[in-house]
>>> print(open('upload24.txt').read())   # compact mmCIF, C-alpha atoms and all ligand atoms
# COMPACT_ATOMS: atom_id res chain seq x y z
CA MET A 13 3.29 -20.11 -34.77
CA SER A 14 6.10 -21.48 -32.61
CA ARG A 15 6.51 -25.25 -32.52
CA ILE A 16 8.66 -28.19 -31.47
CA THR A 17 9.97 -30.30 -34.32
CA VAL A 18 11.72 -33.66 -34.37
CA LYS A 19 15.21 -33.38 -35.83
CA LYS A 20 16.05 -37.04 -36.36
CA SER A 21 12.99 -39.13 -36.88
CA LYS A 22 14.14 -42.64 -36.11
CA VAL A 23 15.66 -43.25 -32.65
CA GLU A 24 16.58 -46.00 -30.27
CA HIS A 25 14.62 -46.13 -26.99
CA ALA A 26 11.77 -44.19 -28.58
CA GLN A 27 9.45 -45.12 -25.69
CA PHE A 28 11.69 -43.17 -23.28
CA TYR A 29 10.93 -39.94 -25.15
CA VAL A 30 7.24 -40.81 -25.45
CA ASP A 31 7.05 -41.30 -21.66
CA SER A 32 9.03 -38.16 -20.88
CA CYS A 33 6.37 -35.84 -22.32
CA PRO A 34 3.86 -34.77 -19.63
CA PHE A 35 1.29 -33.90 -22.32
CA GLN A 36 1.49 -37.16 -24.34
CA ALA A 37 2.51 -35.05 -27.30
CA ILE A 38 5.32 -37.37 -28.46
CA THR A 39 4.34 -40.52 -30.32
CA ALA A 40 6.45 -43.30 -31.79
CA ASP A 41 5.53 -45.80 -34.44
CA SER A 42 6.55 -49.45 -34.44
CA GLU A 43 9.85 -48.66 -36.18
CA GLY A 44 10.87 -46.02 -33.65
CA TYR A 45 10.00 -42.96 -35.69
CA LEU A 46 9.05 -40.07 -33.42
CA SER A 47 6.57 -37.36 -34.15
CA ILE A 48 4.89 -34.51 -32.27
CA ASN A 49 1.12 -34.31 -32.12
CA ASP A 50 -1.21 -31.40 -31.42
CA GLN A 51 -1.18 -32.01 -27.64
CA CYS A 52 2.19 -30.22 -27.56
CA ARG A 53 2.15 -27.25 -25.17
CA ILE A 54 5.71 -26.21 -26.07
CA CYS A 55 6.86 -26.83 -22.49
CA LYS A 56 10.29 -27.61 -23.99
CA LEU A 57 10.94 -30.49 -21.57
CA CYS A 58 11.80 -32.71 -24.55
CA LEU A 59 14.65 -30.34 -25.43
CA LYS A 60 16.26 -31.28 -22.10
CA PHE A 61 15.85 -35.03 -22.59
CA GLY A 62 16.82 -35.05 -26.24
CA PRO A 63 18.66 -31.88 -27.18
CA ASP A 64 19.86 -33.51 -30.41
CA LEU A 65 16.44 -34.85 -31.30
CA PHE A 66 14.06 -32.00 -30.74
CA SER A 67 14.27 -28.38 -31.67
CA PHE A 68 12.20 -25.31 -30.97
CA GLU A 69 11.25 -23.18 -33.92
CA GLU A 70 9.96 -19.73 -33.25
CA ASP A 71 8.33 -17.69 -35.95
CA ILE A 72 9.53 -14.14 -36.01
CA PRO A 73 6.28 -12.17 -35.99
CA VAL A 74 5.42 -10.81 -39.39
CA ASN A 75 5.12 -7.41 -37.87
CA THR A 76 5.41 -4.31 -39.96
CA PHE A 77 5.69 -2.16 -36.84
CA HIS A 78 9.32 -2.73 -36.10
CA GLN A 79 10.36 -2.17 -32.52
CA THR A 80 13.06 0.38 -33.24
CA GLN A 81 10.63 2.57 -35.14
CA THR A 82 7.96 2.60 -32.46
CA LYS A 83 7.54 5.33 -29.90
CA ASP A 84 4.92 7.01 -27.74
CA ILE A 85 1.92 5.66 -25.88
CA ALA A 86 -1.48 5.50 -27.54
CA VAL A 87 -4.75 5.27 -25.64
CA PHE A 88 -8.04 4.28 -27.24
CA LEU A 89 -10.60 6.89 -26.16
CA GLU A 90 -13.84 4.96 -26.02
CA TRP A 91 -16.70 7.09 -27.28
CA GLN A 92 -20.14 6.09 -26.08
CA HIS A 93 -23.36 7.98 -25.50
CA GLU A 94 -21.84 11.35 -26.39
CA LYS A 95 -18.95 11.13 -23.99
CA ILE A 96 -15.60 9.48 -23.45
CA HIS A 97 -15.70 6.51 -21.10
CA PRO A 98 -14.03 7.32 -17.73
CA VAL A 99 -11.67 4.32 -18.06
CA SER A 100 -10.10 6.00 -21.11
CA TRP A 101 -9.18 9.00 -18.96
CA GLU A 102 -7.77 6.72 -16.28
CA LEU A 103 -5.54 5.20 -18.96
CA VAL A 104 -4.52 8.60 -20.31
CA CYS A 105 -3.33 9.61 -16.81
CA LYS A 106 -1.42 6.33 -16.42
CA ALA A 107 0.09 6.77 -19.89
CA ARG A 108 1.24 10.30 -18.99
CA GLU A 109 2.89 9.02 -15.80
CA MET A 110 4.77 6.38 -17.82
CA ALA A 111 5.63 8.63 -20.75
CA GLU A 112 6.97 11.60 -18.76
CA PRO A 113 10.42 10.21 -17.74
CA PHE A 114 11.18 9.15 -21.33
CA GLN A 115 9.90 12.26 -23.13
CA GLN A 116 7.31 10.18 -24.97
CA LYS A 117 4.01 11.54 -26.21
CA VAL A 118 0.55 10.41 -25.12
CA ILE A 119 -1.76 10.12 -28.11
CA GLY A 120 -5.50 9.50 -27.89
CA ILE A 121 -7.39 7.75 -30.70
CA LEU A 122 -11.03 8.62 -30.98
CA VAL A 123 -13.43 6.87 -33.33
CA GLY A 124 -17.01 8.10 -33.60
CA ALA A 125 -19.46 10.44 -35.27
CA SER A 126 -19.91 14.24 -34.84
CA LEU A 127 -16.94 14.48 -32.51
CA GLU A 128 -15.85 17.99 -33.45
CA LYS A 129 -18.04 19.73 -30.85
CA HIS A 130 -16.53 17.76 -27.97
CA LYS A 131 -12.92 18.88 -28.43
CA GLU A 132 -12.98 21.07 -25.31
CA GLU A 133 -13.11 17.98 -23.12
CA PHE A 134 -9.59 17.01 -24.22
CA SER A 135 -8.02 19.99 -22.45
CA GLU A 136 -8.86 18.53 -19.04
CA TYR A 137 -6.54 15.57 -19.48
CA PRO A 138 -2.83 15.29 -20.22
CA LEU A 139 -2.87 14.38 -23.91
CA ASP A 140 -0.32 15.59 -26.45
CA GLU A 141 -2.35 14.72 -29.50
CA VAL A 142 -5.75 13.29 -30.38
CA VAL A 143 -6.20 11.42 -33.64
CA ILE A 144 -9.82 11.47 -34.72
CA TYR A 145 -11.70 9.23 -37.11
CA ASP A 146 -14.98 11.07 -37.44
CA SER A 147 -17.61 9.66 -39.78
CA PRO A 148 -21.34 8.80 -39.72
CA ASP A 149 -20.16 5.22 -40.37
CA PHE A 150 -18.86 5.15 -36.80
CA ILE A 151 -22.12 6.21 -35.20
CA ASP A 152 -22.72 2.70 -33.83
CA PHE A 153 -20.00 0.38 -32.65
CA ARG A 154 -19.34 -2.22 -35.32
CA ILE A 155 -16.23 -4.23 -34.81
CA GLU A 156 -14.85 -4.28 -38.37
CA PRO A 157 -14.71 -0.52 -39.13
CA TYR A 158 -13.66 0.35 -35.57
CA SER A 159 -10.74 -2.06 -35.63
CA ALA A 160 -9.85 -0.97 -39.18
CA ALA A 161 -9.58 2.63 -37.91
CA ILE A 162 -7.29 1.67 -35.05
CA ILE A 163 -5.12 -0.50 -37.28
CA ASP A 164 -4.89 2.42 -39.71
CA PHE A 165 -3.77 4.63 -36.80
CA ILE A 166 -1.14 2.07 -35.76
CA GLN A 167 0.24 1.95 -39.29
CA ALA A 168 0.44 5.73 -39.41
CA TYR A 169 1.90 6.35 -35.91
CA ASN A 170 3.72 3.12 -34.95
CA PRO A 171 3.02 3.50 -31.21
CA ASN A 172 5.17 1.53 -28.79
CA VAL A 173 2.23 0.91 -26.45
CA LEU A 174 -1.53 0.80 -26.98
CA LEU A 175 -3.85 0.86 -23.96
CA ILE A 176 -7.54 -0.01 -24.15
CA GLY A 177 -10.19 -0.02 -21.40
CA ALA A 178 -11.45 -3.49 -20.51
CA THR A 179 -15.07 -2.57 -21.20
CA PRO A 180 -17.33 -4.82 -23.29
CA LEU A 181 -16.38 -2.73 -26.34
CA GLY A 182 -12.65 -2.72 -25.52
CA ARG A 183 -12.63 -6.43 -24.80
CA SER A 184 -13.98 -7.20 -28.26
CA LEU A 185 -11.74 -4.69 -30.03
CA ALA A 186 -8.35 -5.40 -28.43
CA PRO A 187 -7.85 -9.07 -29.45
CA ARG A 188 -8.82 -8.31 -33.05
CA ILE A 189 -6.24 -5.55 -33.25
CA ALA A 190 -3.57 -7.66 -31.56
CA ILE A 191 -4.11 -10.45 -34.08
CA ALA A 192 -4.01 -8.04 -37.02
CA CYS A 193 -0.73 -6.55 -35.76
CA LYS A 194 0.68 -9.96 -34.75
CA THR A 195 1.48 -8.61 -31.34
CA GLY A 196 0.80 -9.63 -27.73
CA LEU A 197 -2.09 -8.49 -25.58
CA THR A 198 -2.37 -8.72 -21.81
CA ALA A 199 -5.94 -8.48 -20.57
CA ASP A 200 -7.10 -6.97 -17.28
CA CYS A 201 -3.75 -5.59 -16.13
CA THR A 202 -3.60 -4.30 -12.59
CA GLY A 203 -0.21 -2.62 -13.02
CA LEU A 204 1.76 -1.11 -15.92
CA GLU A 205 5.34 0.09 -15.97
CA LEU A 206 7.43 1.39 -18.84
CA ARG A 207 11.14 0.54 -18.77
CA GLY A 208 13.95 2.59 -20.28
CA ASN A 209 14.34 0.16 -23.20
CA GLY A 210 10.69 0.73 -24.12
CA ALA A 211 9.46 -2.57 -22.67
CA LEU A 212 6.05 -2.44 -21.05
CA ILE A 213 5.85 -4.57 -17.90
CA GLN A 214 2.25 -5.70 -17.64
CA THR A 215 1.23 -7.03 -14.24
CA ARG A 216 -1.89 -9.10 -13.72
CA PRO A 217 -3.04 -11.92 -11.44
CA ALA A 218 -2.40 -15.38 -12.89
CA PHE A 219 -3.03 -18.99 -11.92
CA GLY A 220 -6.34 -18.19 -10.24
CA GLY A 221 -4.87 -15.11 -8.59
CA ASN A 222 -2.20 -17.00 -6.68
CA ILE A 223 0.64 -15.09 -8.32
CA MET A 224 1.00 -11.65 -9.82
CA ALA A 225 2.57 -12.30 -13.22
CA GLN A 226 4.75 -9.75 -14.96
CA ILE A 227 4.27 -10.10 -18.68
CA LYS A 228 6.36 -8.64 -21.49
CA THR A 229 5.78 -8.50 -25.22
CA PRO A 230 9.34 -9.03 -26.47
CA MET A 231 8.73 -9.03 -30.24
CA GLY A 232 5.43 -7.56 -31.36
CA ARG A 233 4.52 -3.89 -31.38
CA PRO A 234 2.52 -2.10 -30.17
CA GLN A 235 2.62 -3.67 -26.73
CA MET A 236 -1.07 -3.97 -25.95
CA ALA A 237 -2.82 -4.07 -22.59
CA THR A 238 -6.38 -3.74 -21.39
CA VAL A 239 -7.21 -2.38 -17.93
CA ARG A 240 -10.55 -2.54 -16.17
CA PRO A 241 -12.33 0.62 -15.00
CA HIS A 242 -11.27 1.98 -11.59
CA VAL A 243 -7.98 0.10 -11.48
CA MET A 244 -6.00 3.25 -12.35
CA ASN A 245 -6.76 6.72 -11.06
CA SER A 246 -7.73 9.59 -13.27
CA LYS A 247 -7.02 13.23 -12.48
CA ARG A 248 -8.40 16.20 -14.30
CA VAL A 249 -5.64 18.73 -14.82
CA ALA A 250 -5.59 22.43 -15.37
CA HIS A 251 -4.08 21.84 -18.82
CA CYS A 252 -4.43 25.18 -20.46
CA SER A 253 -3.89 24.21 -24.07
CA LEU A 254 -5.94 21.88 -26.21
CA PRO A 255 -3.89 18.96 -27.49
CA LYS A 256 -3.08 18.89 -31.18
CA THR A 257 -5.91 17.23 -33.08
CA THR A 258 -5.36 15.31 -36.29
CA CYS A 259 -8.29 14.07 -38.38
CA LEU A 260 -7.73 10.92 -40.37
CA SER A 261 -10.17 9.07 -42.55
CA LEU A 262 -10.58 5.49 -43.58
CA GLU A 263 -11.12 4.33 -47.13
CA ASP A 264 -14.70 3.32 -47.80
CA ALA A 265 -13.92 -0.36 -48.33
CA LEU A 266 -12.58 -0.59 -44.77
CA LYS A 267 -15.81 0.82 -43.33
CA ASN A 268 -17.83 -2.17 -44.55
CA SER A 269 -19.35 -4.38 -41.92
CA LYS A 270 -21.41 -7.53 -41.84
CA ILE A 271 -23.16 -6.11 -38.78
CA LYS A 272 -26.26 -4.00 -39.24
CA VAL A 273 -27.39 -2.12 -36.13
CA LEU A 274 -31.18 -2.01 -36.20
CA GLU A 275 -31.74 -0.14 -32.98
CA SER A 276 -29.79 0.71 -29.88
CA ARG A 277 -31.45 1.09 -26.50
CA MET A 278 -30.01 2.33 -23.23
CA LYS A 279 -30.13 -0.20 -20.41
CA PRO A 280 -32.20 1.08 -17.48
CA PRO A 281 -29.80 2.69 -15.01
CA ALA A 282 -28.81 0.31 -12.24
CA GLN A 283 -27.25 1.07 -8.92
CA ASP A 284 -23.60 1.26 -9.92
CA LEU A 285 -21.27 -0.53 -7.57
CA SER A 286 -18.18 0.97 -9.18
CA GLU A 287 -19.41 4.49 -8.44
CA ALA A 288 -20.60 3.91 -4.84
CA ASP A 289 -18.98 5.90 -2.02
CA VAL A 290 -19.93 3.35 0.63
CA VAL A 291 -20.13 -0.40 0.03
CA VAL A 292 -21.13 -3.21 2.39
CA ALA A 293 -19.74 -6.46 1.00
CA VAL A 294 -21.12 -9.79 2.13
CA GLY A 295 -19.53 -13.22 1.99
CA ARG A 296 -20.18 -16.78 3.00
CA GLY A 297 -20.18 -15.80 6.69
CA ILE A 298 -23.82 -14.89 6.04
CA LYS A 299 -25.54 -18.22 5.95
CA ARG A 300 -29.01 -17.67 4.42
CA PRO A 301 -30.44 -15.16 1.93
CA GLU A 302 -33.08 -14.15 4.51
CA ASP A 303 -30.24 -13.00 6.80
CA LEU A 304 -29.58 -10.22 4.32
CA ARG A 305 -32.32 -8.28 6.13
CA MET A 306 -29.84 -7.22 8.81
CA ILE A 307 -27.32 -6.30 6.09
CA ARG A 308 -29.93 -4.12 4.35
CA ASP A 309 -30.55 -2.34 7.66
CA LEU A 310 -26.87 -1.62 8.03
CA ALA A 311 -26.51 -0.57 4.40
CA GLN A 312 -29.45 1.81 4.77
CA SER A 313 -27.91 3.43 7.85
CA LEU A 314 -24.68 3.95 5.91
CA SER A 315 -26.34 4.84 2.56
CA ALA A 316 -24.32 1.98 1.15
CA VAL A 317 -24.64 -0.31 -1.86
CA ILE A 318 -24.58 -4.03 -0.98
CA ALA A 319 -22.05 -6.19 -2.82
CA PHE A 320 -21.11 -9.86 -2.64
CA SER A 321 -18.23 -12.28 -2.85
CA ARG A 322 -18.35 -14.71 -5.76
CA PRO A 323 -19.78 -17.77 -3.97
CA LEU A 324 -22.94 -15.84 -3.08
CA ILE A 325 -23.33 -14.57 -6.64
CA GLU A 326 -22.91 -18.14 -7.88
CA ALA A 327 -25.57 -19.21 -5.40
CA GLY A 328 -27.91 -16.71 -7.06
CA TRP A 329 -28.18 -14.20 -4.21
CA ALA A 330 -27.70 -11.23 -6.54
CA ASP A 331 -26.96 -10.17 -10.09
CA ASN A 332 -23.30 -10.59 -11.09
CA ARG A 333 -22.95 -6.80 -11.42
CA PHE A 334 -22.70 -6.82 -7.62
CA GLN A 335 -19.74 -9.19 -7.40
CA ILE A 336 -16.46 -7.72 -6.22
CA GLY A 337 -13.14 -9.20 -7.30
CA LEU A 338 -11.00 -10.53 -10.05
CA SER A 339 -13.89 -11.89 -12.05
CA GLY A 340 -16.28 -9.20 -10.77
CA ARG A 341 -16.02 -5.45 -10.30
CA SER A 342 -13.13 -3.35 -9.02
CA ILE A 343 -14.44 -0.76 -6.61
CA GLN A 344 -13.09 2.47 -5.14
CA PRO A 345 -15.51 3.41 -2.33
CA LYS A 346 -14.45 5.81 0.40
CA LEU A 347 -15.69 3.25 2.96
CA LEU A 348 -15.93 -0.52 2.53
CA VAL A 349 -17.35 -2.84 5.20
CA THR A 350 -16.74 -6.54 4.57
CA ILE A 351 -18.86 -9.04 6.48
CA GLY A 352 -17.98 -12.74 6.64
CA ILE A 353 -15.53 -12.48 3.75
CA SER A 354 -12.25 -14.37 4.06
CA GLY A 355 -10.28 -11.99 1.80
CA ALA A 356 -9.05 -14.44 -0.83
CA VAL A 357 -6.67 -12.80 -3.32
CA GLN A 358 -9.34 -13.00 -6.02
CA PHE A 359 -11.67 -10.95 -3.83
CA SER A 360 -9.00 -8.51 -2.62
CA ALA A 361 -7.95 -7.80 -6.25
CA GLY A 362 -11.21 -5.87 -6.58
CA ILE A 363 -10.80 -3.64 -3.52
CA GLN A 364 -7.32 -2.22 -4.10
CA GLY A 365 -8.78 1.23 -4.66
CA ALA A 366 -11.00 1.22 -1.55
CA GLY A 367 -10.40 4.02 0.93
CA TYR A 368 -11.11 2.86 4.49
CA VAL A 369 -11.76 -0.87 4.93
CA ILE A 370 -13.57 -2.31 7.96
CA ALA A 371 -13.66 -6.12 8.18
CA ILE A 372 -15.91 -8.29 10.35
CA ASN A 373 -14.88 -11.93 10.52
CA SER A 374 -15.00 -14.63 13.20
CA ASP A 375 -11.57 -15.97 12.23
CA PRO A 376 -8.74 -13.79 13.62
CA ASP A 377 -6.39 -15.22 10.96
CA ALA A 378 -8.62 -14.42 7.98
CA PRO A 379 -6.52 -12.74 5.23
CA ILE A 380 -9.06 -9.91 4.99
CA PHE A 381 -7.50 -8.46 8.17
CA ASN A 382 -4.23 -7.95 6.23
CA VAL A 383 -5.94 -5.42 3.99
CA ALA A 384 -8.38 -3.93 6.51
CA ASP A 385 -7.79 -0.64 8.33
CA LEU A 386 -10.07 -1.72 11.17
CA GLY A 387 -11.05 -5.28 12.07
CA PHE A 388 -13.75 -6.79 14.28
CA VAL A 389 -13.14 -10.41 15.23
CA GLY A 390 -16.45 -11.99 16.08
CA ASP A 391 -19.77 -13.37 14.94
CA CYS A 392 -21.33 -10.98 12.45
CA TYR A 393 -24.79 -12.11 13.59
CA GLU A 394 -24.01 -10.48 16.94
CA ILE A 395 -21.98 -7.51 15.70
CA ILE A 396 -24.15 -6.25 12.81
CA PRO A 397 -27.41 -5.62 14.77
CA GLN A 398 -25.41 -3.76 17.43
CA VAL A 399 -23.64 -1.58 14.85
CA SER A 400 -26.93 -0.87 13.05
CA SER A 401 -28.72 0.20 16.22
CA LEU A 402 -25.73 2.33 17.23
CA LEU A 403 -25.81 4.07 13.84
CA LYS A 404 -29.57 4.59 14.12
CA SER A 405 -29.29 6.17 17.56
CA LEU A 406 -26.48 8.45 16.36
CA ARG A 407 -28.65 9.51 13.44
CA LYS A 408 -31.55 10.37 15.75
CA LYS A 409 -29.27 12.66 17.75
CA GLU A 410 -28.23 14.61 14.62
C1 LIG B 1 -10.16 -17.60 -11.26
C2 LIG B 1 -10.91 -17.26 -10.00
C3 LIG B 1 -11.55 -16.04 -9.94
C4 LIG B 1 -12.24 -15.70 -8.78
N1 LIG B 1 -12.85 -14.50 -8.74
C5 LIG B 1 -13.47 -14.12 -7.60
C6 LIG B 1 -14.08 -12.83 -7.49
O1 LIG B 1 -14.13 -12.05 -8.44
N2 LIG B 1 -14.65 -12.50 -6.32
C7 LIG B 1 -14.67 -13.33 -5.22
O2 LIG B 1 -15.21 -12.96 -4.17
N3 LIG B 1 -14.11 -14.55 -5.31
C8 LIG B 1 -13.53 -14.97 -6.46
N4 LIG B 1 -12.99 -16.21 -6.53
C9 LIG B 1 -13.20 -17.12 -5.39
C10 LIG B 1 -12.24 -16.88 -4.24
O3 LIG B 1 -11.08 -17.66 -4.40
C11 LIG B 1 -12.86 -17.27 -2.88
O4 LIG B 1 -13.29 -18.61 -2.94
C12 LIG B 1 -14.05 -16.41 -2.48
O5 LIG B 1 -13.70 -15.04 -2.51
C13 LIG B 1 -14.47 -16.78 -1.05
O6 LIG B 1 -15.63 -16.08 -0.73
P1 LIG B 1 -15.99 -15.78 0.81
O7 LIG B 1 -14.89 -14.99 1.44
O8 LIG B 1 -17.36 -15.22 0.83
O9 LIG B 1 -16.10 -17.25 1.41
P2 LIG B 1 -15.14 -18.06 2.36
O10 LIG B 1 -13.77 -18.12 1.82
O11 LIG B 1 -15.82 -19.34 2.65
O12 LIG B 1 -15.06 -17.18 3.68
C14 LIG B 1 -16.12 -16.99 4.57
C15 LIG B 1 -15.55 -16.20 5.73
O13 LIG B 1 -16.59 -15.92 6.61
C16 LIG B 1 -16.13 -16.05 7.94
N5 LIG B 1 -17.29 -16.35 8.78
C17 LIG B 1 -18.01 -17.49 8.83
N6 LIG B 1 -19.05 -17.34 9.69
C18 LIG B 1 -18.96 -16.09 10.21
C19 LIG B 1 -19.73 -15.35 11.12
N7 LIG B 1 -20.82 -15.86 11.71
N8 LIG B 1 -19.35 -14.09 11.41
C20 LIG B 1 -18.26 -13.53 10.82
N9 LIG B 1 -17.50 -14.19 9.93
C21 LIG B 1 -17.84 -15.45 9.62
C22 LIG B 1 -15.11 -17.18 7.89
O14 LIG B 1 -14.18 -17.05 8.95
C23 LIG B 1 -14.48 -16.96 6.53
O15 LIG B 1 -13.31 -16.19 6.61
C24 LIG B 1 -12.29 -16.59 -7.67
C25 LIG B 1 -11.63 -17.80 -7.75
C26 LIG B 1 -10.96 -18.14 -8.90
C27 LIG B 1 -10.24 -19.46 -8.94
>>> encode(input="upload24.txt", output="structure tokens")
Amino acid sequence: MSRITVKKSKVEHAQFYVDSCPFQAITADSEGYLSINDQCRICKLCLKFGPDLFSFEEDIPVNTFHQTQTKDIAVFLEWQHEKIHPVSWELVCKAREMAEPFQQKVIGILVGASLEKHKEEFSEYPLDEVVIYDSPDFIDFRIEPYSAAIIDFIQAYNPNVLLIGATPLGRSLAPRIAIACKTGLTADCTGLELRGNGALIQTRPAFGGNIMAQIKTPMGRPQMATVRPHVMNSKRVAHCSLPKTTCLSLEDALKNSKIKVLESRMKPPAQDLSEADVVVAVGRGIKRPEDLRMIRDLAQSLSAVIAFSRPLIEAGWADNRFQIGLSGRSIQPKLLVTIGISGAVQFSAGIQGAGYVIAINSDPDAPIFNVADLGFVGDCYEIIPQVSSLLKSLRKKE
């Protein structure tokens, strides 16, 4: 771990240094001996005030995967319910786009049971190689053997980059692997770019979405990122040849787990916001839950799924699966109608993939109009019933 240390312990004007730390991490005893406590956030301000007194010590990561030996982009192919999760294919396509200019390979890692019969599926996506860990021990997801398999793959292949879908499974797997490899991990990236020197620029909203941070992993390898479903696009390709497949196995001791899966049950299918072609999204411009009746009318006319901004989810108007945004779902509908939504960055982060956006808002300066293709400035309580009845009359004429 990196840390700030005190070079000379006893100083004059010790209180000056104590006061200069914004985190109250510097303490002084009665004789003027300074020390650093666990409040230290390594902001390094003390190095400016006392360059001779304080020093920054950075541990070189104990990383066996040395940067110069790493190459290629690996993608974890999440295997669930007899198929590969769509986010894995989105990441494969992104990996191919990044790998192409640098003649790097895109390698998929698949962990599961009875995978052999599904090989055909690989030919539809631009993979160079698929590394398979196929064993009855992987029939259910258990974190220890799954992460052991991926760590084994990393040791064998030394990939420069490892991409994982930000699904519940991926979110539990990725940090464990990053810790084991003593490397960095950027969660929920919205953009990825590979530079000529092999550095992966990982973009994601930070500080509550007020800035888009570009994050690098200067020391550790592989550079690890998770990406939520529907943030990247996936394209099936007419890829005539099957990628090379390599089967690896894990020693028995590494397949042990403290988790015993007693039973697994499928959740009842719910209306999936991420898959909807038409979405009507509602925000705080709608004042009462009973006013949703007019929204349901509109949604029915458009065959749309109704979604919400975060404040309405927090108010208990709907299940959090119907929240759009940074801490909700990313959606890619062909048509999105937003009603009484201001368009805060945290909301707009979830609609980047939307096709045509229509916004209804009474405030002409609402930021939602910056991302909308068509805007209606006005009271939604007047506009919505008119639009619904117009749609109904058009439907009758059909
Ligand atoms: C870390 C973090 C994560 C977040 N994640 C999310 C997220 O995932 N999703 C999300 O939505 N938010 C998220 N937020 C909250 C976000 O910052 C905004 O507060 C939220 O999106 C605002 O919701 P809103 O647009 O419904 O409400 P408001 O900002 O209050 O906007 C209401 C809008 O309705 C308009 N309006 C009012 N009356 C009418 C009317 N009669 N007719 C038409 N228009 C009307 C107003 O002009 C206004 O623009 C997050 C915040 C943080 C800090």
>>> residues_around(input="upload24.txt", residues="Leu212 of chain A", least_positions_apart="2", cutoff="8 Å", atoms="only C-alpha atoms", output="PyMOL selection string")
chain A and resi 173+204-207+210+214+228-229+235
>>> residues_near_ligand(input="upload24.txt", ligand="ligand LIG 1 (chain B)", cutoff="8 Å", atoms="all atoms listed in the file", output="JSON, numbers by chain")
{"A": [219, 220, 221, 294, 295, 296, 297, 298, 299, 320, 321, 322, 323, 324, 335, 336, 337, 338, 339, 340, 341, 351, 352, 353, 354, 355, 356, 357, 358, 359, 360, 361, 362, 372, 373, 374, 375, 376, 378, 379, 380, 389, 390, 391, 392, 393]}
>>> write_last_selection(input="upload24.txt", atoms="C-alpha atoms", output="CSV table (one decimal), in the frame of the given file")
chain,number,residue,atom,x,y,z
A,219,PHE,CA,-3.0,-19.0,-11.9
A,220,GLY,CA,-6.3,-18.2,-10.2
A,221,GLY,CA,-4.9,-15.1,-8.6
A,294,VAL,CA,-21.1,-9.8,2.1
A,295,GLY,CA,-19.5,-13.2,2.0
A,296,ARG,CA,-20.2,-16.8,3.0
A,297,GLY,CA,-20.2,-15.8,6.7
A,298,ILE,CA,-23.8,-14.9,6.0
A,299,LYS,CA,-25.5,-18.2,6.0
A,320,PHE,CA,-21.1,-9.9,-2.6
A,321,SER,CA,-18.2,-12.3,-2.8
A,322,ARG,CA,-18.4,-14.7,-5.8
A,323,PRO,CA,-19.8,-17.8,-4.0
A,324,LEU,CA,-22.9,-15.8,-3.1
A,335,GLN,CA,-19.7,-9.2,-7.4
A,336,ILE,CA,-16.5,-7.7,-6.2
A,337,GLY,CA,-13.1,-9.2,-7.3
A,338,LEU,CA,-11.0,-10.5,-10.0
A,339,SER,CA,-13.9,-11.9,-12.0
A,340,GLY,CA,-16.3,-9.2,-10.8
A,341,ARG,CA,-16.0,-5.4,-10.3
A,351,ILE,CA,-18.9,-9.0,6.5
A,352,GLY,CA,-18.0,-12.7,6.6
A,353,ILE,CA,-15.5,-12.5,3.8
A,354,SER,CA,-12.2,-14.4,4.1
A,355,GLY,CA,-10.3,-12.0,1.8
A,356,ALA,CA,-9.0,-14.4,-0.8
A,357,VAL,CA,-6.7,-12.8,-3.3
A,358,GLN,CA,-9.3,-13.0,-6.0
A,359,PHE,CA,-11.7,-11.0,-3.8
A,360,SER,CA,-9.0,-8.5,-2.6
A,361,ALA,CA,-8.0,-7.8,-6.2
A,362,GLY,CA,-11.2,-5.9,-6.6
A,372,ILE,CA,-15.9,-8.3,10.4
A,373,ASN,CA,-14.9,-11.9,10.5
A,374,SER,CA,-15.0,-14.6,13.2
A,375,ASP,CA,-11.6,-16.0,12.2
A,376,PRO,CA,-8.7,-13.8,13.6
A,378,ALA,CA,-8.6,-14.4,8.0
A,379,PRO,CA,-6.5,-12.7,5.2
A,380,ILE,CA,-9.1,-9.9,5.0
A,389,VAL,CA,-13.1,-10.4,15.2
A,390,GLY,CA,-16.4,-12.0,16.1
A,391,ASP,CA,-19.8,-13.4,14.9
A,392,CYS,CA,-21.3,-11.0,12.4
A,393,TYR,CA,-24.8,-12.1,13.6
>>> closest_residue(input="upload24.txt", among="A:Ser67, A:Gln312, A:Ser286, A:Gln364", to="Phe334 of chain A", atoms="only C-alpha atoms")
A:Ser286
>>> closest_residue(input="upload24.txt", among="A:Pro397, A:Gly62, A:Gly177, A:Gly232", to="Pro98 of chain A", atoms="all atoms listed in the file")
A:Gly177
>>> residues_around(input="upload24.txt", residues="Ile343 of chain A", least_positions_apart="3", cutoff="7 Å", atoms="only C-alpha atoms", output="PyMOL selection string")
chain A and resi 242+285-286+362-363+365-366
>>> atom_distance(input="upload24.txt", atom1="atom CA of Thr179 of chain A", atom2="atom CA of Thr215 of chain A")
18.3 Å
>>> closest_residue(input="upload24.txt", among="A:Gln283, A:Thr39, A:Ser14, A:Gln115", to="Glu69 of chain A", atoms="only C-alpha atoms")
A:Ser14
>>> atom_distance(input="upload24.txt", atom1="atom CA of Glu263 of chain A", atom2="atom CA of Asp149 of chain A")
11.3 Å
>>> residues_near_point(input="upload24.txt", point="(-8.5, -6.2, -29.5)", cutoff="12 Å", atoms="all atoms listed in the file", output="VMD selection string")
chain A and resid 88 155 to 156 158 to 160 162 to 163 174 to 199 234 to 238
>>> atom_distance(input="upload24.txt", atom1="atom CA of Ile318 of chain A", atom2="atom CA of Ala293 of chain A")
5.8 Å
>>> closest_residue(input="upload24.txt", among="A:Ser32, A:Thr257, A:Thr350, A:Ser400", to="Gly387 of chain A", atoms="all atoms listed in the file")
A:Thr350
